[in-house]
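J.: Before we start, here is the structure in question, set down as structure tokens.
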Amino acid sequence: MEWEYEIPFKLKDPSLLRQRSYVDGEWVDAQSGKCFDVIDPGTGKHWASVADNDPSDVNAAVESSYAAFQTYRRINPKIRAKLLLRWNDLITEAKEDIARIVTYETGKPLAESLAEVDYALGFTWFFTGEAERIHGTVSVPSAPNRRNFTVKQPIGVAVALVPWNFPVAMILRKAGAALAAGCTMVIKPSPETPLSVLALVHLASRAGFEKGVLNVLTTSLENTPALSEALCKHPLVSKVTFTGSTKVGKLIARHCSEGLKKVTLELGGNCPFLIFDDANLKQSVDALIALKWRHAGQACITANRVYIQKGVFGQVEQMLIDETRKIKVGHGIETETTMGPVTTPRGIEKVECQIKDAQKHGGTVLTGGKKPYGLPGYFFEPTIISNMKPEMLISREETFGPILSLYKFETEDEVVDLANKTSMGLASYFFTKDVDRTWRLLENLEAGMVGMNTGPMSAAESPFGGIKESGYGKESGKDVAVDAYLITKTGTMTLE
Ligand code: NAD
């Protein structure tokens, strides 16, 4: 397969750009010989084409991972840690190249892509340490000559189905934990971001991971459902980890239920962000601006519904308008850009539909609200809507795009009720100086993660994951992340 398109950027290490899938230590075409195009959201133009695998390609990848598991599971954890550290170092050396690929796949500004790689490296670093810290237990015996204990063992072949919004972080969060545990993995990247994932796996092979430990099957949007189903239902797969929308997550859970496979689901958000009268308003606005406009609102833990207490509503509204108007929308590779395009045309359709619905129900667009004039890619202006009501689409479903929607509230009880009125429960945020209220909100907000006077909250050392329809299982964090790739085996012994 020859590279058909002109690559719109230069890399220090051009070998990072891969078009084929990676199976059993080889770069391979799909059996069908077909490819699909990768698009730069900043121009709407194709710049690469990648192997379009379908279900007929699944068996070779899974069997390779299964064969590799028989050896990888037994190697000294110190060697697993060394391999992870070497991978971490190689990604660190290549981070500018990787960030460039991420920008051309997702559209996010280069500074954000670099920040993503740094954030992602936190996972490989953390899991390097965790590889040696896998422990069983010994219980107090229930009979004098009995001994009861547990051992932890890697579960087997894991499958990772990942979204496009943080392609590097998602891989290092999942593969880092799996490899530390002694599992092997088949990765299916999103059709929008296969190249950054292939670059990471190329560096993993350079780091010394044996063939089959990591396999990658790239696939188009059209082949994604069938290929994902085949992976989930393959009898040699023991664990599936999925990050993406709640709708697809439910489908994945159904596929996995047939073989009773262990599943981790990191799903959609619709996160509330509460600002009380007594909050530090500058701190609240700075945090909200950073959280909301990062990757044009395409983060699962972004603020979807912003509730501002009556006494400071007008002031906060104006501060948000002022800060938002400073944003420079443009191609992610241009240094002055502070917000890039959304990644897919589907993203634009959703944003337009939600704005139309909000206006129909009395919402007021304060700034933005349309595509910027003269930009060829999938751009949309950062948009603030006020007078929001619970019945509007934005209140009920995740936006995943550049809309900031503002609601006015009066009391704490009222806002907790509004914040929890969603089927999702990923993250919640609040800003207040009242210590008692801080505890009440931490306990009463229905979310897997709560930000108190803070926007950023995801880190390798903290468990990440939601409740309700935002999924189950945790990624990252001591004890829980690697445990998701382990089984607990009970041993019982009687002494003579
Ligand atoms: P998505 O559900 O459309 O896709 C996620 C993955 O599933 C991709 O690999 C995609 O190719 C695949 N997929 C899509 N349709 C499928 C189908 N019918 N059968 C099987 N696989 C399918 O989500 P997305 O648009 O890529 O990502 C955005 C969503 O992901 C948002 O809802 C966001 O909140 C969520 N997300 C959650 C987290 C988290 O950690 N909780 C992190 C990032 C994104």
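Chain labels follow the order of the structure tokens: the first chain is A, the next B, and so on; residue numbering restarts at 1 in every chain, and ligands are counted from 1 in their shown order.
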Please build the interface table for chain A against ligand 1 with a cut-off of 9 Å, listing for each qualifying residue the nearest atom pair and the distance in Å to one decimal; count only C-alpha atoms and all ligand atoms, order rows by chain and increasing number, and write it as a tab-separated table.
T.:
residue	atom	partner	partner_atom_place_in_ligand_line	distance
A:Ala160	CA	ligand 1	9 (O)	8.5
A:Leu161	CA	ligand 1	9 (O)	4.9
A:Val162	CA	ligand 1	9 (O)	4.3
A:Pro163	CA	ligand 1	26 (O)	3.7
A:Trp164	CA	ligand 1	26 (O)	5.1
A:Asn165	CA	ligand 1	43 (C)	6.1
A:Phe166	CA	ligand 1	43 (C)	6.7
A:Pro167	CA	ligand 1	43 (C)	8.9
A:Met170	CA	ligand 1	42 (C)	7.5
A:Lys188	CA	ligand 1	9 (O)	6.2
A:Pro189	CA	ligand 1	9 (O)	5.3
A:Ser190	CA	ligand 1	9 (O)	3.8
A:Pro191	CA	ligand 1	11 (O)	5.7
A:Glu192	CA	ligand 1	11 (O)	8.1
A:Thr219	CA	ligand 1	11 (O)	7.9
A:Ser220	CA	ligand 1	11 (O)	7.8
A:Leu221	CA	ligand 1	11 (O)	6.2
A:Glu222	CA	ligand 1	15 (N)	8.9
A:Asn223	CA	ligand 1	11 (O)	8.9
A:Thr224	CA	ligand 1	21 (N)	5.4
A:Pro225	CA	ligand 1	19 (N)	3.5
A:Ala226	CA	ligand 1	19 (N)	6.8
A:Leu227	CA	ligand 1	20 (C)	7.4
A:Ser228	CA	ligand 1	20 (C)	4.8
A:Glu229	CA	ligand 1	20 (C)	6.3
A:Phe242	CA	ligand 1	6 (C)	6.9
A:Thr243	CA	ligand 1	37 (C)	5.2
A:Gly244	CA	ligand 1	30 (O)	3.0
A:Ser245	CA	ligand 1	32 (O)	3.5
A:Thr246	CA	ligand 1	32 (O)	6.2
A:Lys247	CA	ligand 1	2 (O)	6.6
A:Val248	CA	ligand 1	2 (O)	4.7
A:Gly249	CA	ligand 1	2 (O)	6.5
A:Leu251	CA	ligand 1	19 (N)	6.7
A:Ile252	CA	ligand 1	20 (C)	6.5
A:Leu265	CA	ligand 1	41 (N)	7.4
A:Glu266	CA	ligand 1	41 (N)	3.7
A:Leu267	CA	ligand 1	41 (N)	4.0
A:Gly268	CA	ligand 1	34 (O)	3.2
A:Gly269	CA	ligand 1	34 (O)	4.9
A:Asn270	CA	ligand 1	34 (O)	7.8
A:Gln298	CA	ligand 1	33 (C)	7.4
A:Ala299	CA	ligand 1	43 (C)	5.9
A:Cys300	CA	ligand 1	34 (O)	3.5
A:Ile301	CA	ligand 1	34 (O)	7.0
A:Thr302	CA	ligand 1	34 (O)	8.5
A:Thr344	CA	ligand 1	25 (O)	8.7
A:Arg346	CA	ligand 1	25 (O)	8.8
A:Gly347	CA	ligand 1	25 (O)	8.5
A:Glu398	CA	ligand 1	32 (O)	6.9
A:Thr399	CA	ligand 1	32 (O)	8.5
A:Phe400	CA	ligand 1	31 (C)	6.5
A:Leu426	CA	ligand 1	41 (N)	6.7
A:Phe464	CA	ligand 1	40 (O)	7.2
A:Gly465	CA	ligand 1	41 (N)	6.0
A:Gly466	CA	ligand 1	41 (N)	6.6
A:Ser470	CA	ligand 1	41 (N)	6.4
A:Gly471	CA	ligand 1	41 (N)	7.3
A:Glu475	CA	ligand 1	40 (O)	8.2
J.: Would you please give, as a tab-separated table (two decimals) with N, CA and C atoms, in the first residue's frame, all residues of region 100-338 of chain A that DSSP assigns to helix (DSSP H, G or I) based on the backbone?
T.:
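Result saved to result.tsv:
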chain	number	residue	atom	x	y	z
A	100	ARG	N	1.55	16.45	16.66
A	100	ARG	CA	1.22	16.95	15.31
A	100	ARG	C	0.19	16.02	14.64
A	101	ILE	N	0.41	14.72	14.77
A	101	ILE	CA	-0.54	13.76	14.18
A	101	ILE	C	-1.92	13.94	14.84
A	102	VAL	N	-1.92	14.08	16.17
A	102	VAL	CA	-3.20	14.25	16.89
A	102	VAL	C	-3.93	15.49	16.38
A	103	THR	N	-3.20	16.57	16.18
A	103	THR	CA	-3.84	17.81	15.69
A	103	THR	C	-4.45	17.61	14.31
A	104	TYR	N	-3.77	16.89	13.43
A	104	TYR	CA	-4.32	16.69	12.09
A	104	TYR	C	-5.44	15.66	12.06
A	105	GLU	N	-5.56	14.85	13.12
A	105	GLU	CA	-6.69	13.90	13.16
A	105	GLU	C	-7.89	14.48	13.90
A	106	THR	N	-7.63	15.17	15.02
A	106	THR	CA	-8.76	15.61	15.86
A	106	THR	C	-9.13	17.07	15.63
A	110	LEU	N	-2.33	22.60	18.59
A	110	LEU	CA	-1.11	21.84	18.86
A	110	LEU	C	-0.75	21.86	20.36
A	111	ALA	N	-0.95	23.01	21.01
A	111	ALA	CA	-0.61	23.09	22.45
A	111	ALA	C	-1.48	22.10	23.24
A	112	GLU	N	-2.73	21.95	22.82
A	112	GLU	CA	-3.61	20.98	23.52
A	112	GLU	C	-3.18	19.55	23.23
A	113	SER	N	-2.73	19.31	21.99
A	113	SER	CA	-2.27	17.95	21.64
A	113	SER	C	-1.04	17.60	22.46
A	114	LEU	N	-0.13	18.58	22.61
A	114	LEU	CA	1.07	18.33	23.43
A	114	LEU	C	0.66	18.08	24.88
A	115	ALA	N	-0.31	18.86	25.36
A	115	ALA	CA	-0.78	18.68	26.75
A	115	ALA	C	-1.41	17.29	26.89
A	116	GLU	N	-2.08	16.82	25.84
A	116	GLU	CA	-2.67	15.47	25.92
A	116	GLU	C	-1.56	14.42	26.04
A	117	VAL	N	-0.50	14.56	25.23
A	117	VAL	CA	0.58	13.56	25.30
A	117	VAL	C	1.21	13.57	26.70
A	118	ASP	N	1.43	14.77	27.25
A	118	ASP	CA	2.01	14.84	28.60
A	118	ASP	C	1.10	14.18	29.63
A	119	TYR	N	-0.19	14.48	29.51
A	119	TYR	CA	-1.17	13.88	30.43
A	119	TYR	C	-1.16	12.35	30.28
A	120	ALA	N	-1.10	11.89	29.03
A	120	ALA	CA	-1.11	10.45	28.76
A	120	ALA	C	0.14	9.78	29.32
A	121	LEU	N	1.27	10.47	29.24
A	121	LEU	CA	2.52	9.88	29.76
A	121	LEU	C	2.43	9.65	31.27
A	122	GLY	N	1.58	10.41	31.93
A	122	GLY	CA	1.35	10.18	33.36
A	122	GLY	C	0.85	8.75	33.60
A	123	PHE	N	0.10	8.20	32.64
A	123	PHE	CA	-0.44	6.84	32.82
A	123	PHE	C	0.67	5.79	32.67
A	124	THR	N	1.49	5.90	31.61
A	124	THR	CA	2.54	4.88	31.45
A	124	THR	C	3.50	4.94	32.64
A	125	TRP	N	3.81	6.16	33.09
A	125	TRP	CA	4.70	6.32	34.25
A	125	TRP	C	4.09	5.65	35.48
A	126	PHE	N	2.82	5.93	35.72
A	126	PHE	CA	2.13	5.38	36.90
A	126	PHE	C	2.06	3.84	36.82
A	127	PHE	N	1.70	3.32	35.64
A	127	PHE	CA	1.53	1.86	35.54
A	127	PHE	C	2.88	1.12	35.55
A	128	THR	N	3.95	1.82	35.17
A	128	THR	CA	5.28	1.24	35.31
A	128	THR	C	5.50	0.85	36.78
A	129	GLY	N	5.12	1.74	37.68
A	129	GLY	CA	5.27	1.45	39.12
A	129	GLY	C	4.31	0.37	39.58
A	130	GLU	N	3.12	0.36	39.01
A	130	GLU	CA	2.09	-0.60	39.46
A	130	GLU	C	2.40	-2.05	39.07
A	167	PRO	N	-7.10	10.40	21.74
A	167	PRO	CA	-6.64	9.09	21.26
A	167	PRO	C	-5.37	8.59	21.95
A	168	VAL	N	-4.49	9.50	22.37
A	168	VAL	CA	-3.25	9.06	23.01
A	168	VAL	C	-3.52	8.70	24.47
A	169	ALA	N	-4.23	9.57	25.16
A	169	ALA	CA	-4.51	9.34	26.58
A	169	ALA	C	-5.33	8.06	26.77
A	170	MET	N	-6.31	7.84	25.88
A	170	MET	CA	-7.16	6.66	26.04
A	170	MET	C	-6.34	5.38	25.89
A	171	ILE	N	-5.40	5.36	24.94
A	171	ILE	CA	-4.60	4.15	24.72
A	171	ILE	C	-3.66	3.91	25.91
A	172	LEU	N	-2.98	4.97	26.36
A	172	LEU	CA	-2.01	4.74	27.44
A	172	LEU	C	-2.73	4.42	28.76
A	173	ARG	N	-3.94	4.96	28.94
A	173	ARG	CA	-4.70	4.64	30.16
A	173	ARG	C	-5.12	3.16	30.15
A	174	LYS	N	-5.55	2.68	28.99
A	174	LYS	CA	-6.02	1.29	28.92
A	174	LYS	C	-4.86	0.30	28.77
A	175	ALA	N	-4.01	0.53	27.75
A	175	ALA	CA	-2.93	-0.43	27.50
A	175	ALA	C	-1.92	-0.42	28.65
A	176	GLY	N	-1.67	0.76	29.25
A	176	GLY	CA	-0.72	0.83	30.37
A	176	GLY	C	-1.15	-0.11	31.49
A	177	ALA	N	-2.43	-0.07	31.85
A	177	ALA	CA	-2.92	-0.92	32.94
A	177	ALA	C	-2.89	-2.40	32.53
A	178	ALA	N	-3.32	-2.69	31.30
A	178	ALA	CA	-3.37	-4.08	30.84
A	178	ALA	C	-1.96	-4.69	30.79
A	179	LEU	N	-1.01	-3.93	30.27
A	179	LEU	CA	0.36	-4.46	30.14
A	179	LEU	C	1.02	-4.62	31.50
A	180	ALA	N	0.71	-3.72	32.43
A	180	ALA	CA	1.25	-3.86	33.79
A	180	ALA	C	0.70	-5.13	34.44
A	181	ALA	N	-0.56	-5.44	34.16
A	181	ALA	CA	-1.20	-6.62	34.76
A	181	ALA	C	-0.69	-7.93	34.16
A	194	PRO	N	-6.83	6.84	13.65
A	194	PRO	CA	-6.02	5.61	13.66
A	194	PRO	C	-4.51	5.87	13.70
A	195	LEU	N	-4.08	7.02	13.13
A	195	LEU	CA	-2.63	7.20	12.92
A	195	LEU	C	-1.89	7.47	14.22
A	196	SER	N	-2.52	8.20	15.15
A	196	SER	CA	-1.82	8.44	16.41
A	196	SER	C	-1.69	7.12	17.18
A	197	VAL	N	-2.70	6.26	17.07
A	197	VAL	CA	-2.64	4.97	17.78
A	197	VAL	C	-1.57	4.07	17.15
A	198	LEU	N	-1.50	4.06	15.81
A	198	LEU	CA	-0.47	3.25	15.14
A	198	LEU	C	0.93	3.74	15.50
A	199	ALA	N	1.08	5.06	15.64
A	199	ALA	CA	2.40	5.61	16.02
A	199	ALA	C	2.79	5.12	17.41
A	200	LEU	N	1.83	5.10	18.33
A	200	LEU	CA	2.13	4.63	19.70
A	200	LEU	C	2.54	3.17	19.70
A	201	VAL	N	1.85	2.38	18.89
A	201	VAL	CA	2.14	0.94	18.88
A	201	VAL	C	3.48	0.68	18.18
A	202	HIS	N	3.79	1.48	17.19
A	202	HIS	CA	5.12	1.39	16.55
A	202	HIS	C	6.20	1.60	17.62
A	203	LEU	N	5.99	2.58	18.50
A	203	LEU	CA	6.98	2.85	19.56
A	203	LEU	C	6.99	1.72	20.60
A	204	ALA	N	5.84	1.07	20.79
A	204	ALA	CA	5.80	-0.06	21.73
A	204	ALA	C	6.65	-1.21	21.20
A	205	SER	N	6.59	-1.43	19.87
A	205	SER	CA	7.41	-2.52	19.32
A	205	SER	C	8.89	-2.14	19.42
A	206	ARG	N	9.17	-0.85	19.22
A	206	ARG	CA	10.56	-0.40	19.36
A	206	ARG	C	11.04	-0.55	20.82
A	207	ALA	N	10.12	-0.39	21.74
A	207	ALA	CA	10.47	-0.52	23.16
A	207	ALA	C	10.79	-1.95	23.54
A	224	THR	N	-17.02	-0.50	11.50
A	224	THR	CA	-16.83	-0.47	12.95
A	224	THR	C	-17.82	-1.36	13.72
A	225	PRO	N	-19.13	-1.29	13.46
A	225	PRO	CA	-20.04	-2.10	14.29
A	225	PRO	C	-19.75	-3.60	14.17
A	226	ALA	N	-19.57	-4.11	12.94
A	226	ALA	CA	-19.37	-5.55	12.77
A	226	ALA	C	-18.03	-5.99	13.35
A	227	LEU	N	-17.00	-5.19	13.13
A	227	LEU	CA	-15.68	-5.58	13.64
A	227	LEU	C	-15.67	-5.56	15.18
A	228	SER	N	-16.30	-4.53	15.76
A	228	SER	CA	-16.35	-4.45	17.24
A	228	SER	C	-17.12	-5.63	17.81
A	229	GLU	N	-18.22	-5.97	17.16
A	229	GLU	CA	-19.02	-7.11	17.65
A	229	GLU	C	-18.20	-8.39	17.60
A	230	ALA	N	-17.47	-8.58	16.47
A	230	ALA	CA	-16.66	-9.81	16.34
A	230	ALA	C	-15.59	-9.86	17.42
A	231	LEU	N	-15.00	-8.73	17.75
A	231	LEU	CA	-13.98	-8.71	18.82
A	231	LEU	C	-14.62	-9.06	20.16
A	232	CYS	N	-15.76	-8.43	20.46
A	232	CYS	CA	-16.41	-8.66	21.76
A	232	CYS	C	-16.86	-10.12	21.92
A	233	LYS	N	-17.24	-10.74	20.81
A	233	LYS	CA	-17.79	-12.10	20.92
A	233	LYS	C	-16.73	-13.18	20.71
A	246	THR	N	-22.83	6.53	25.48
A	246	THR	CA	-23.67	5.60	26.25
A	246	THR	C	-24.42	4.66	25.31
A	247	LYS	N	-24.86	5.20	24.17
A	247	LYS	CA	-25.63	4.38	23.23
A	247	LYS	C	-24.80	3.18	22.75
A	248	VAL	N	-23.57	3.44	22.33
A	248	VAL	CA	-22.73	2.34	21.86
A	248	VAL	C	-22.27	1.47	23.03
A	249	GLY	N	-22.04	2.09	24.19
A	249	GLY	CA	-21.64	1.32	25.37
A	249	GLY	C	-22.66	0.25	25.72
A	250	LYS	N	-23.94	0.58	25.59
A	250	LYS	CA	-24.99	-0.41	25.91
A	250	LYS	C	-24.93	-1.58	24.92
A	251	LEU	N	-24.63	-1.24	23.67
A	251	LEU	CA	-24.52	-2.28	22.63
A	251	LEU	C	-23.34	-3.21	22.94
A	252	ILE	N	-22.22	-2.60	23.35
A	252	ILE	CA	-21.01	-3.38	23.67
A	252	ILE	C	-21.31	-4.31	24.85
A	253	ALA	N	-22.03	-3.78	25.86
A	253	ALA	CA	-22.37	-4.61	27.03
A	253	ALA	C	-23.21	-5.81	26.59
A	254	ARG	N	-24.11	-5.58	25.63
A	254	ARG	CA	-24.94	-6.70	25.14
A	254	ARG	C	-24.07	-7.74	24.43
A	255	HIS	N	-23.14	-7.27	23.57
A	255	HIS	CA	-22.26	-8.21	22.87
A	255	HIS	C	-21.46	-9.05	23.88
A	256	CYS	N	-20.99	-8.39	24.95
A	256	CYS	CA	-20.12	-9.07	25.91
A	256	CYS	C	-20.90	-9.99	26.83
A	257	SER	N	-22.20	-9.73	26.97
A	257	SER	CA	-22.97	-10.51	27.95
A	257	SER	C	-23.08	-11.97	27.49
A	258	GLU	N	-23.06	-12.19	26.19
A	258	GLU	CA	-23.19	-13.55	25.67
A	258	GLU	C	-22.09	-14.47	26.22
A	281	LEU	N	-15.33	34.31	41.98
A	281	LEU	CA	-15.90	34.31	40.62
A	281	LEU	C	-14.81	34.18	39.55
A	282	LYS	N	-13.66	34.81	39.78
A	282	LYS	CA	-12.60	34.72	38.78
A	282	LYS	C	-12.11	33.27	38.68
A	283	GLN	N	-11.94	32.64	39.83
A	283	GLN	CA	-11.49	31.24	39.84
A	283	GLN	C	-12.51	30.36	39.11
A	284	SER	N	-13.81	30.61	39.37
A	284	SER	CA	-14.86	29.80	38.74
A	284	SER	C	-14.86	29.99	37.22
A	285	VAL	N	-14.77	31.26	36.80
A	285	VAL	CA	-14.85	31.54	35.36
A	285	VAL	C	-13.61	31.01	34.64
A	286	ASP	N	-12.44	31.21	35.24
A	286	ASP	CA	-11.21	30.69	34.61
A	286	ASP	C	-11.30	29.17	34.43
A	287	ALA	N	-11.76	28.51	35.49
A	287	ALA	CA	-11.86	27.04	35.43
A	287	ALA	C	-12.86	26.61	34.35
A	288	LEU	N	-13.98	27.31	34.30
A	288	LEU	CA	-15.03	26.94	33.34
A	288	LEU	C	-14.57	27.17	31.89
A	289	ILE	N	-13.92	28.30	31.68
A	289	ILE	CA	-13.44	28.62	30.33
A	289	ILE	C	-12.44	27.55	29.87
A	290	ALA	N	-11.51	27.19	30.76
A	290	ALA	CA	-10.50	26.18	30.40
A	290	ALA	C	-11.16	24.84	30.14
A	291	LEU	N	-12.11	24.48	31.00
A	291	LEU	CA	-12.76	23.16	30.88
A	291	LEU	C	-13.64	23.09	29.64
A	292	LYS	N	-14.39	24.15	29.39
A	292	LYS	CA	-15.40	24.10	28.34
A	292	LYS	C	-14.80	24.20	26.94
A	293	TRP	N	-13.84	25.12	26.76
A	293	TRP	CA	-13.39	25.34	25.38
A	293	TRP	C	-12.25	24.44	24.97
A	294	ARG	N	-11.73	23.63	25.92
A	294	ARG	CA	-10.71	22.64	25.56
A	294	ARG	C	-11.30	21.68	24.51
A	295	HIS	N	-10.56	21.46	23.46
A	295	HIS	CA	-10.99	20.59	22.36
A	295	HIS	C	-12.43	20.91	21.92
A	296	ALA	N	-12.73	22.21	21.88
A	296	ALA	CA	-14.04	22.68	21.40
A	296	ALA	C	-15.20	21.98	22.10
A	297	GLY	N	-15.04	21.73	23.39
A	297	GLY	CA	-16.13	21.12	24.17
A	297	GLY	C	-16.26	19.62	24.00
A	310	LYS	N	-28.49	33.18	41.58
A	310	LYS	CA	-29.16	34.43	41.16
A	310	LYS	C	-28.34	35.70	41.43
A	311	GLY	N	-27.73	35.78	42.64
A	311	GLY	CA	-27.05	37.01	43.04
A	311	GLY	C	-25.85	37.37	42.17
A	312	VAL	N	-25.22	36.38	41.54
A	312	VAL	CA	-24.02	36.67	40.73
A	312	VAL	C	-24.24	36.33	39.25
A	313	PHE	N	-25.47	36.00	38.91
A	313	PHE	CA	-25.72	35.51	37.54
A	313	PHE	C	-25.25	36.50	36.48
A	314	GLY	N	-25.70	37.75	36.61
A	314	GLY	CA	-25.39	38.75	35.58
A	314	GLY	C	-23.90	38.98	35.44
A	315	GLN	N	-23.23	39.05	36.60
A	315	GLN	CA	-21.78	39.30	36.60
A	315	GLN	C	-21.02	38.12	35.93
A	316	VAL	N	-21.38	36.91	36.31
A	316	VAL	CA	-20.68	35.74	35.75
A	316	VAL	C	-20.98	35.62	34.25
A	317	GLU	N	-22.23	35.87	33.90
A	317	GLU	CA	-22.62	35.80	32.47
A	317	GLU	C	-21.72	36.74	31.65
A	318	GLN	N	-21.54	37.97	32.14
A	318	GLN	CA	-20.72	38.94	31.39
A	318	GLN	C	-19.25	38.52	31.35
A	319	MET	N	-18.75	38.00	32.47
A	319	MET	CA	-17.34	37.55	32.49
A	319	MET	C	-17.14	36.43	31.47
A	320	LEU	N	-18.11	35.54	31.38
A	320	LEU	CA	-17.99	34.41	30.43
A	320	LEU	C	-18.03	34.90	28.98
A	321	ILE	N	-18.91	35.88	28.73
A	321	ILE	CA	-18.98	36.44	27.37
A	321	ILE	C	-17.64	37.08	27.00
A	322	ASP	N	-17.11	37.89	27.94
A	322	ASP	CA	-15.85	38.60	27.67
A	322	ASP	C	-14.72	37.62	27.38
A	323	GLU	N	-14.61	36.58	28.21
A	323	GLU	CA	-13.51	35.61	28.02
A	323	GLU	C	-13.71	34.81	26.72
A	324	THR	N	-14.95	34.46	26.43
A	324	THR	CA	-15.21	33.64	25.24
A	324	THR	C	-14.91	34.43	23.97
J.: Any idea what's packed within 8 Å of Tyr378 (chain A), counting only C-alpha atoms, ignoring anything in its chain fewer than 6 positions away? Could you give it as a list in words?
T.: Pro41, Gly42, Thr43, Gly44, Pro341, Val342, Thr343, Thr344, Pro345 and Ile348 of chain A
J.: Select from region 26-213 of chain A everything DSSP, run on the backbone, classes as strand (DSSP E or B), then give the selection as JSON, numbers by chain.
T.: {"A": [26, 27, 28, 35, 36, 37, 38, 39, 40, 45, 46, 47, 48, 49, 50, 51, 137, 138, 146, 147, 148, 149, 150, 151, 152, 153, 154, 157, 158, 159, 160, 161, 184, 185, 186, 187, 188]}
J.: Smallest atom-to-atom distance to Leu406 (chain A): which of A:Thr422, A:Asn88, A:Ser139, A:Thr383, using only C-alpha atoms?
T.: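 The closest residue to Leu406 (chain A) is A:Thr383.
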J.: Expressed in Å to a single decimal, how great is the separation between CA of Lys350 (chain A) and CA of Ile39 (chain A)?
T.: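 Interatomic distance, CA of Lys350 (chain A) to CA of Ile39 (chain A): 19.1 Å.
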J.: Could you give me, as a list in words, the residues within 7 Å of Val450 (chain A), counting only C-alpha atoms and dropping anything in the same chain fewer than 6 positions from it?
T.: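 Everything that qualifies: Ala427, Ser428, Tyr429 and Leu442 of chain A.
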J.: Determine the nearest neighbour of Ser238 (chain A) from the options A:Leu274, A:Val306, A:Tyr66, A:Met452, counting only C-alpha atoms.
T.: A:Tyr66
J.: Just want the 7 Å neighbourhood of region 357-365 of chain A, counted on only C-alpha atoms, with same-chain residues fewer than 4 positions away dropped. Output as number ranges by chain.
T.: A: 353, 369, 384-388, 392-393
J.: Save out the residues we just selected, C-alpha atoms, as an mmCIF file, in the first residue's frame.
T.:
data_model
loop_
_atom_site.group_PDB
_atom_site.id
_atom_site.type_symbol
_atom_site.label_atom_id
_atom_site.label_comp_id
_atom_site.auth_asym_id
_atom_site.auth_seq_id
_atom_site.Cartn_x
_atom_site.Cartn_y
_atom_site.Cartn_z
ATOM 1 C CA CYS A 353 -29.795 20.961 16.314
ATOM 2 C CA GLY A 369 -24.293 30.422 17.423
ATOM 3 C CA ILE A 384 -23.093 30.876 24.976
ATOM 4 C CA ILE A 385 -26.835 30.383 25.479
ATOM 5 C CA SER A 386 -28.755 31.807 28.422
ATOM 6 C CA ASN A 387 -32.328 31.357 29.756
ATOM 7 C CA MET A 388 -31.862 27.609 29.681
ATOM 8 C CA MET A 392 -34.393 21.650 26.340
ATOM 9 C CA LEU A 393 -32.325 19.050 24.457
#
J.: Taking into account only C-alpha atoms, which residue in the set A:Asp54, A:Glu26, A:Glu334, A:Asp13 is nearest to Ile98 (chain A)?
T.: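 Of all the options, A:Asp13 lies closest to Ile98 (chain A).
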J.: Which residues are near Asp413 (chain A)? Cut-off 10 Å, only C-alpha atoms, ignore same chain within fewer than 5 positions. Put them as a list in words.
T.: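 Selected residues are Leu418, Ala419, Leu441 and Asn444 of chain A.
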J.: Can you tell me which residues surround Gly33 (chain A) at a distance of at most 9 Å, considering only C-alpha atoms, apart from same-chain residues fewer than 2 positions away, and format the answer as an mmCIF file with N, CA and C atoms, in the first residue's frame?
T.:
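Now in part_28.cif:
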data_model
loop_
_atom_site.group_PDB
_atom_site.id
_atom_site.type_symbol
_atom_site.label_atom_id
_atom_site.label_comp_id
_atom_site.auth_asym_id
_atom_site.auth_seq_id
_atom_site.Cartn_x
_atom_site.Cartn_y
_atom_site.Cartn_z
ATOM 1 N N MET A 1 0.862 -1.186 0.000
ATOM 2 C CA MET A 1 0.000 0.000 0.000
ATOM 3 C C MET A 1 0.906 1.246 0.000
ATOM 4 N N ASP A 29 -1.949 -5.353 5.559
ATOM 5 C CA ASP A 29 -3.158 -4.816 4.924
ATOM 6 C C ASP A 29 -4.374 -5.585 5.430
ATOM 7 N N ALA A 30 -5.546 -4.990 5.255
ATOM 8 C CA ALA A 30 -6.780 -5.742 5.530
ATOM 9 C C ALA A 30 -6.873 -6.875 4.503
ATOM 10 N N GLN A 31 -7.516 -7.984 4.887
ATOM 11 C CA GLN A 31 -7.637 -9.105 3.927
ATOM 12 C C GLN A 31 -8.323 -8.658 2.650
ATOM 13 N N CYS A 35 -9.004 0.279 2.009
ATOM 14 C CA CYS A 35 -8.518 1.330 2.911
ATOM 15 C C CYS A 35 -9.649 2.328 3.154
ATOM 16 N N ALA A 51 -5.629 0.954 6.515
ATOM 17 C CA ALA A 51 -6.260 -0.362 6.275
ATOM 18 C C ALA A 51 -7.664 -0.419 6.885
ATOM 19 N N ASP A 52 -8.608 -0.855 6.064
ATOM 20 C CA ASP A 52 -10.009 -0.944 6.521
ATOM 21 C C ASP A 52 -10.329 -2.406 6.842
ATOM 22 N N ASN A 53 -10.064 -2.796 8.066
ATOM 23 C CA ASN A 53 -10.315 -4.198 8.456
ATOM 24 C C ASN A 53 -11.795 -4.454 8.658
#
J.: Interatomic distance between CA of Ser458 (chain A) and CA of Pro402 (chain A)?
T.: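 Straight-line distance from CA of Ser458 (chain A) to CA of Pro402 (chain A) works out to 20.5 Å.
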